[in-house]
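Student: Coordinates in work-v2.txt, compact mmCIF, C-alpha atoms, are listed below.
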# COMPACT_ATOMS: atom_id res chain seq x y z
CA MET U 21 21.38 58.76 -47.35
CA VAL U 22 18.99 56.93 -45.07
CA SER U 23 16.13 59.06 -43.91
CA SER U 24 15.20 59.45 -40.25
CA ILE U 25 12.03 57.45 -40.78
CA GLN U 26 13.98 54.57 -42.35
CA ARG U 27 16.39 54.45 -39.36
CA LEU U 28 13.49 54.29 -36.94
CA LEU U 29 11.91 51.41 -38.84
CA ASN U 30 15.17 49.45 -38.93
CA ASN U 31 15.67 49.91 -35.19
CA TYR U 32 12.12 48.71 -34.51
CA PHE U 33 12.50 45.49 -36.51
CA ASP U 34 15.87 44.75 -34.92
CA LYS U 35 14.28 44.91 -31.44
CA SER U 36 11.32 42.85 -32.59
CA ASN U 37 13.60 40.09 -33.89
CA VAL U 38 15.45 39.97 -30.55
CA GLN U 39 12.16 39.68 -28.64
CA GLN U 40 10.95 36.91 -30.93
CA GLN U 41 14.24 35.00 -30.49
CA ASN U 42 13.98 35.38 -26.70
CA PHE U 43 10.43 34.07 -26.82
CA ARG U 44 11.50 31.05 -28.91
CA ASN U 45 14.32 30.32 -26.44
CA THR U 46 11.90 30.46 -23.50
CA VAL U 47 9.49 28.05 -25.22
CA SER U 48 12.34 25.71 -26.11
CA GLN U 49 13.57 25.61 -22.50
CA SER U 50 10.06 24.97 -21.28
CA ILE U 51 9.66 22.00 -23.64
CA GLU U 52 13.01 20.60 -22.57
CA ARG U 53 11.98 20.74 -18.88
CA THR U 54 8.66 19.07 -19.63
CA ASP U 55 10.44 16.25 -21.47
CA GLY U 56 12.76 15.73 -18.52
CA VAL U 57 15.96 17.07 -20.16
CA HIS U 58 17.54 19.75 -18.00
CA SER U 59 20.49 21.94 -18.81
CA ASN U 60 20.73 22.76 -15.10
CA LYS U 61 20.54 19.80 -12.74
CA ASN U 62 19.53 22.05 -9.87
CA VAL U 63 16.28 23.03 -11.55
CA GLU U 64 13.28 21.59 -9.67
CA ILE U 65 10.07 20.67 -11.43
CA TYR U 66 6.81 21.11 -9.58
CA ASN U 67 4.58 18.08 -9.80
CA PRO U 68 1.18 18.95 -8.33
CA LYS U 69 -0.36 16.36 -6.01
CA THR U 70 -3.99 15.45 -6.34
CA ASN U 71 -6.52 14.21 -3.80
CA LYS U 72 -8.10 11.84 -6.29
CA VAL U 73 -9.05 8.51 -4.70
CA LYS U 74 -7.05 5.65 -6.15
CA TYR U 75 -9.55 2.82 -6.22
CA ASN U 76 -8.14 -0.53 -5.17
CA ASP U 77 -4.63 0.91 -4.75
CA LYS U 78 -3.12 -1.19 -1.95
CA SER U 79 -0.35 1.33 -1.34
CA ILE U 80 -2.76 3.88 0.16
CA SER U 81 -4.73 1.48 2.34
CA PRO U 82 -3.56 -0.40 5.42
CA ARG U 83 -4.83 -3.95 5.62
CA LEU U 84 -7.67 -4.59 8.06
CA GLN U 85 -6.14 -7.24 10.34
CA VAL U 86 -5.68 -7.89 14.04
CA ASP U 87 -2.31 -6.80 15.38
CA ARG U 88 0.14 -8.89 17.40
CA ASN U 89 -2.01 -8.34 20.51
CA TYR U 90 -5.08 -9.60 18.66
CA ASN U 91 -6.69 -6.19 18.65
CA LEU U 92 -8.68 -5.09 15.61
CA THR U 93 -8.62 -1.33 15.01
CA ILE U 94 -11.35 0.26 12.89
CA GLU U 95 -11.01 4.02 12.59
CA GLU U 96 -13.85 6.19 11.38
CA ASN U 97 -13.76 7.61 7.85
CA LYS U 98 -10.72 5.58 6.89
CA VAL U 99 -9.97 3.28 3.95
CA TYR U 100 -8.78 -0.28 4.59
CA SER U 101 -7.83 -3.03 2.20
CA VAL U 102 -9.74 -6.21 3.02
CA ASP U 103 -9.00 -9.77 1.94
CA THR U 104 -11.66 -11.18 -0.43
CA ASP U 105 -11.96 -14.03 -2.91
CA TYR U 106 -10.71 -11.53 -5.49
CA GLY U 107 -7.69 -10.30 -3.56
CA LEU U 108 -7.38 -7.16 -1.48
CA ILE U 109 -10.23 -4.72 -2.08
CA ASN U 110 -10.48 -1.24 -0.60
CA TYR U 111 -13.41 -0.35 1.64
CA GLN U 112 -14.05 2.97 3.35
CA PHE U 113 -15.59 2.96 6.84
CA ASN U 114 -17.77 6.06 6.97
CA ASN U 115 -19.28 7.49 10.11
CA ASP U 116 -21.26 10.71 10.26
CA SER U 117 -23.82 12.21 12.61
CA ASN U 118 -26.65 10.21 11.05
CA SER U 119 -25.29 6.76 10.32
CA SER U 120 -22.36 4.42 9.86
CA TYR U 121 -21.83 2.66 6.56
CA VAL U 122 -19.11 1.00 4.55
CA GLN U 123 -18.43 1.91 0.94
CA THR U 124 -16.76 -0.37 -1.61
CA LEU U 125 -13.95 1.46 -3.41
CA HIS U 126 -13.61 -0.71 -6.48
CA TYR U 127 -13.91 0.12 -10.15
CA ASP U 128 -14.05 -2.60 -12.77
CA ASN U 129 -15.61 -2.30 -16.23
CA GLN U 130 -15.54 -6.07 -16.61
CA ILE U 131 -16.91 -6.99 -13.18
CA SER U 132 -18.88 -10.24 -13.23
CA ASP U 133 -22.16 -10.79 -11.44
CA GLU U 134 -20.46 -13.32 -9.19
CA LYS U 135 -17.78 -10.85 -8.17
CA ARG U 136 -20.33 -8.09 -7.68
CA VAL U 137 -22.37 -10.28 -5.33
CA HIS U 138 -19.29 -11.35 -3.37
CA LEU U 139 -18.04 -7.79 -2.87
CA GLU U 140 -21.49 -6.63 -1.82
CA LYS U 141 -21.82 -9.46 0.74
CA ASN U 142 -18.40 -8.55 2.07
CA ARG U 143 -19.43 -4.88 2.30
CA GLN U 144 -22.51 -5.84 4.33
CA PHE U 145 -20.34 -7.98 6.63
CA LEU U 146 -17.99 -5.04 7.22
CA THR U 147 -20.93 -2.69 7.85
CA HIS U 148 -22.20 -5.02 10.59
CA LEU U 149 -18.65 -5.40 11.91
CA GLN U 150 -18.44 -1.62 12.24
CA THR U 151 -21.71 -1.58 14.21
CA PHE U 152 -20.44 -4.45 16.39
CA ALA U 153 -17.24 -2.49 17.06
CA GLU U 154 -19.22 0.59 18.08
CA THR U 155 -21.98 -1.04 20.15
CA GLY U 156 -20.73 -4.46 21.24
CA ARG U 157 -23.90 -6.04 19.84
CA ILE U 158 -22.82 -9.57 18.89
CA ASN U 159 -26.15 -10.50 17.32
CA ILE U 160 -25.70 -7.93 14.53
CA MET U 161 -23.07 -10.19 12.98
CA TYR U 162 -25.69 -12.89 12.35
CA THR U 163 -28.05 -10.65 10.40
CA ALA U 164 -28.79 -12.36 7.07
CA ARG U 165 -25.79 -14.73 7.30
CA GLU U 166 -24.87 -18.11 8.75
CA ALA U 167 -22.43 -18.55 11.63
CA SER U 168 -20.02 -20.30 9.24
CA GLU U 169 -19.92 -17.11 7.13
CA VAL U 170 -19.11 -15.07 10.24
CA LEU U 171 -16.24 -17.45 11.01
CA GLU U 172 -14.91 -17.14 7.46
CA GLY U 173 -15.11 -13.33 7.63
CA PHE U 174 -13.25 -13.23 10.94
CA ASN U 175 -10.59 -15.64 9.66
CA ARG U 176 -9.90 -13.18 6.83
CA LEU U 177 -9.16 -10.56 9.50
CA GLY U 178 -6.58 -12.81 11.18
CA ILE U 179 -8.93 -13.89 13.99
CA ASN U 180 -8.78 -17.59 14.81
CA THR U 181 -10.76 -19.85 17.12
CA GLU U 182 -8.03 -20.09 19.75
CA GLU U 183 -7.01 -16.55 20.66
CA PRO U 184 -9.37 -14.01 22.26
CA PHE U 185 -9.49 -10.66 20.47
CA THR U 186 -10.49 -7.08 21.24
CA ILE U 187 -11.80 -4.27 19.05
CA ASN U 188 -10.46 -0.71 19.17
CA ASN U 189 -8.57 -1.57 22.38
CA LYS U 190 -11.76 -1.79 24.40
CA PRO U 191 -11.57 -4.00 27.52
CA THR U 192 -14.13 -6.59 26.40
CA ARG U 193 -12.49 -9.71 25.01
CA TYR U 194 -14.24 -11.89 22.44
CA ARG U 195 -13.61 -15.30 20.97
CA ILE U 196 -15.16 -17.01 17.98
CA ASP U 197 -15.61 -20.77 18.30
CA PRO U 198 -15.19 -23.37 15.51
CA SER U 199 -18.90 -23.21 14.71
CA GLY U 200 -18.75 -19.44 14.15
CA VAL U 201 -20.40 -18.29 17.39
CA ILE U 202 -18.89 -15.25 19.10
CA HIS U 203 -18.45 -15.39 22.90
CA GLU U 204 -17.56 -12.84 25.57
CA VAL U 205 -14.48 -14.54 26.95
CA ASP U 206 -14.12 -13.00 30.40
CA LEU U 207 -17.83 -13.21 31.19
CA GLU U 208 -18.01 -16.92 30.36
CA SER U 209 -14.67 -17.73 31.99
CA ARG U 210 -15.76 -16.05 35.22
CA GLY U 211 -19.04 -17.95 35.07
CA MET U 212 -17.22 -21.27 34.82
CA LYS U 213 -15.09 -20.47 37.88
CA GLU U 214 -17.83 -18.98 40.08
CA LYS U 215 -20.67 -21.36 39.23
CA ASP U 216 -21.95 -23.70 41.96
CA TRP U 217 -22.16 -26.91 39.98
CA ARG U 218 -24.18 -28.64 42.72
CA LYS U 219 -27.15 -26.57 41.58
CA PHE U 220 -26.89 -28.27 38.20
CA GLY U 221 -27.11 -31.82 39.53
CA HIS U 222 -23.40 -32.55 39.99
CA ASP U 223 -21.59 -33.88 43.07
CA GLU U 224 -18.11 -34.75 44.26
CA ASN U 225 -18.02 -37.74 41.91
CA THR U 226 -18.47 -35.64 38.78
CA ILE U 227 -15.34 -35.33 36.68
CA PHE U 228 -14.76 -32.22 34.57
CA ILE U 229 -12.23 -32.57 31.77
CA ILE U 230 -11.43 -29.02 30.68
CA GLN U 231 -8.88 -28.33 27.97
CA GLY U 232 -7.35 -31.75 28.53
CA LYS U 233 -7.03 -31.45 32.32
CA GLU U 234 -9.20 -33.17 34.94
CA TYR U 235 -11.00 -31.15 37.65
CA LYS U 236 -13.36 -31.85 40.54
CA MET U 237 -15.55 -29.47 42.51
CA ASP U 238 -14.36 -28.03 45.81
CA GLU U 239 -16.49 -27.80 48.97
CA ASN U 240 -18.38 -24.85 47.47
CA GLY U 241 -19.27 -26.72 44.32
CA GLN U 242 -16.82 -24.62 42.28
CA LEU U 243 -14.01 -25.65 39.98
CA PRO U 244 -10.40 -24.67 40.86
CA LEU U 245 -9.64 -23.29 37.42
CA PRO U 246 -6.47 -21.21 36.88
CA GLU U 247 -6.67 -17.43 37.17
CA ASP U 248 -5.94 -16.91 33.48
CA TYR U 249 -8.48 -19.51 32.34
CA VAL U 250 -10.03 -18.75 28.94
CA HIS U 251 -13.30 -20.58 28.47
CA LYS U 252 -13.76 -22.67 25.32
CA HIS U 253 -17.02 -24.53 25.60
CA GLU U 254 -16.06 -27.14 22.97
CA GLN U 255 -13.13 -28.15 25.19
CA VAL U 256 -15.28 -29.02 28.21
CA GLN U 257 -16.38 -32.56 28.93
CA ILE U 258 -18.46 -33.52 32.01
CA ILE U 259 -18.52 -37.12 33.21
CA ASN U 260 -21.02 -38.14 35.89
CA LYS U 261 -20.21 -41.30 37.84
With the file now loaded, output its structure as structure tokens.
Tutor:
Amino acid sequence: MVSSIQRLLNNYFDKSNVQQQNFRNTVSQSIERTDGVHSNKNVEIYNPKTNKVKYNDKSISPRLQVDRNYNLTIEENKVYSVDTDYGLINYQFNNDSNSSYVQTLHYDNQISDEKRVHLEKNRQFLTHLQTFAETGRINIMYTAREASEVLEGFNRLGINTEEPFTINNKPTRYRIDPSGVIHEVDLESRGMKEKDWRKFGHDENTIFIIQGKEYKMDENGQLPLPEDYVHKHEQVQIINK
């Protein structure tokens, strides 16, 4: 005859075994879900998202290029991928209450000195471009670089020597000429149309060949240029007879 104490002990171990089996089943199901094998297709797995910066990940960075209207948009505190000799590299355009600066977002254990120098020069170019976008100061682009380097940098942004461009949809239009010099298009175009050329030693016999078309001064010494004329100084030839 089983004593009362023995019955209590048996009942306790029976319950303990059930709890252990339930625990093993729970662990097994958890492992199956982690491995991607699901007994229930409706079960959703939570994959936490992180805010970790993905260096040089083109999928998170729009390319810094002019749009179809030849406008270049540079937003503050945003990452852009920029064309370089080493492909698209991410740069972040920072702007706080104290200063504006561009940060290179690139990680490479095997980076060469040549690549390091190139990316740093490109970062400095973009820093000056950001200042130019904010202030309209053209001369900042020629700080510690040749005009040919400015032209190359602008070409990488989709800016050519033919089409005027704007920055951040501001009204001022710019154009870079084949030598790498940046011009204010509307200011120079208006000057060509409003200038009294008689004050510069020209008369009715002077022939102006502008963008392949021949012009002569009117009675006010001005040139009858079209309303939408875009000045390109390298396409102006003056012939005095």
Student: State, in Å with one decimal place, the distance from atom CA of Phe228 of chain U to atom CA of Asp206 of chain U.
Tutor: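 If I compute the distance from atom CA of Phe228 of chain U to atom CA of Asp206 of chain U, I get 19.7 Å.
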Student: Pick from U:Leu84, U:Leu92, U:Ile230, U:Ile259: nearest to Pro246 of chain U, with all atoms listed in the file counted?
Tutor: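 Residue with the minimum atom-to-atom distance to Pro246 of chain U: U:Ile230.
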Student: Would you compute the distance between atom CA of Ser81 of chain U and atom CA of Asn110 of chain U? Give it in Å to one decimal.
Tutor: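 Value for the atom CA of Ser81 of chain U-atom CA of Asn110 of chain U distance: 7.0 Å.
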Student: How far is it from atom CA of Pro198 of chain U to atom CA of Val256 of chain U, in Å with one decimal?
Tutor: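 Atom-to-atom, atom CA of Pro198 of chain U to atom CA of Val256 of chain U, that is 13.9 Å.
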Student: Here is a test: counting all atoms listed in the file, which residue of U:Ser119, U:His148, U:Ile158, U:Arg176 is nearest to Gly107 of chain U?
Tutor: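 Among the listed residues, the smallest separation from Gly107 of chain U belongs to U:Arg176.
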Student: If I wrap all listed atoms of segment 138-157 of chain U in a box with edges along x, y and z and add 3 Å on each side, what are its centre and edge lengths in Å to one decimal, as AutoDock Vina command-line options?
Tutor:
--center_x -20.6 --center_y -5.4 --center_z 8.9 --size_x 12.7 --size_y 17.9 --size_z 30.6
Student: With all atoms listed in the file as the basis for distance, which of U:Ile187, U:Ile196, U:Val201, U:Ile258 is at the shortest distance from Ile229 of chain U?
Tutor: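 When distances to Ile229 of chain U are compared using all atoms listed in the file, the smallest one comes from U:Ile258.
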Student: Rank U:Leu139, U:Val205, U:Leu243, U:Val86 by their smallest atom-to-atom distance to Thr226 of chain U, using all atoms listed in the file, and report the top residue only.
Tutor: U:Leu243
Student: Show me the residues around (-9.7, -2.2, 11.2) - criterion: an atom at most 9 Å away, only C-alpha atoms counted - as a list in words.
Tutor: Pro82, Arg83, Leu84, Gln85, Val86, Asn91, Leu92, Thr93, Ile94, Glu95, Lys98, Tyr100, Phe113, Gln150, Leu177, Ile187 and Asn188 of chain U
Student: Please write as a list in words the list of polymer residues whose atoms come within 12 Å of (-21.2, 5.1, 8.9), counting only C-alpha atoms and keeping to the coordinates of the file.
Tutor: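 Within 12 Å of (-21.2, 5.1, 8.9), the protein and nucleic acid residues are Ile94, Glu95, Glu96, Asn97, Lys98, Tyr111, Gln112, Phe113, Asn114, Asn115, Asp116, Ser117, Asn118, Ser119, Ser120, Tyr121, Val122, Gln123, Gln144, Leu146, Thr147, His148, Leu149, Gln150, Thr151, Ala153 and Glu154 of chain U.
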Student: Since we have the selection now, will you write its residues out, keeping C-alpha atoms, as a PDB file, in the frame of the given file?
Tutor:
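Below is the file again-v2.pdb, written as the result:
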ATOM      1  CA  ILE U  94     -11.350   0.260  12.890  1.00  0.00           C
ATOM      2  CA  GLU U  95     -11.010   4.020  12.590  1.00  0.00           C
ATOM      3  CA  GLU U  96     -13.850   6.190  11.380  1.00  0.00           C
ATOM      4  CA  ASN U  97     -13.760   7.610   7.850  1.00  0.00           C
ATOM      5  CA  LYS U  98     -10.720   5.580   6.890  1.00  0.00           C
ATOM      6  CA  TYR U 111     -13.410  -0.350   1.640  1.00  0.00           C
ATOM      7  CA  GLN U 112     -14.050   2.970   3.350  1.00  0.00           C
ATOM      8  CA  PHE U 113     -15.590   2.960   6.840  1.00  0.00           C
ATOM      9  CA  ASN U 114     -17.770   6.060   6.970  1.00  0.00           C
ATOM     10  CA  ASN U 115     -19.280   7.490  10.110  1.00  0.00           C
ATOM     11  CA  ASP U 116     -21.260  10.710  10.260  1.00  0.00           C
ATOM     12  CA  SER U 117     -23.820  12.210  12.610  1.00  0.00           C
ATOM     13  CA  ASN U 118     -26.650  10.210  11.050  1.00  0.00           C
ATOM     14  CA  SER U 119     -25.290   6.760  10.320  1.00  0.00           C
ATOM     15  CA  SER U 120     -22.360   4.420   9.860  1.00  0.00           C
ATOM     16  CA  TYR U 121     -21.830   2.660   6.560  1.00  0.00           C
ATOM     17  CA  VAL U 122     -19.110   1.000   4.550  1.00  0.00           C
ATOM     18  CA  GLN U 123     -18.430   1.910   0.940  1.00  0.00           C
ATOM     19  CA  GLN U 144     -22.510  -5.840   4.330  1.00  0.00           C
ATOM     20  CA  LEU U 146     -17.990  -5.040   7.220  1.00  0.00           C
ATOM     21  CA  THR U 147     -20.930  -2.690   7.850  1.00  0.00           C
ATOM     22  CA  HIS U 148     -22.200  -5.020  10.590  1.00  0.00           C
ATOM     23  CA  LEU U 149     -18.650  -5.400  11.910  1.00  0.00           C
ATOM     24  CA  GLN U 150     -18.440  -1.620  12.240  1.00  0.00           C
ATOM     25  CA  THR U 151     -21.710  -1.580  14.210  1.00  0.00           C
ATOM     26  CA  ALA U 153     -17.240  -2.490  17.060  1.00  0.00           C
ATOM     27  CA  GLU U 154     -19.220   0.590  18.080  1.00  0.00           C
TER      28      GLU U 154
END
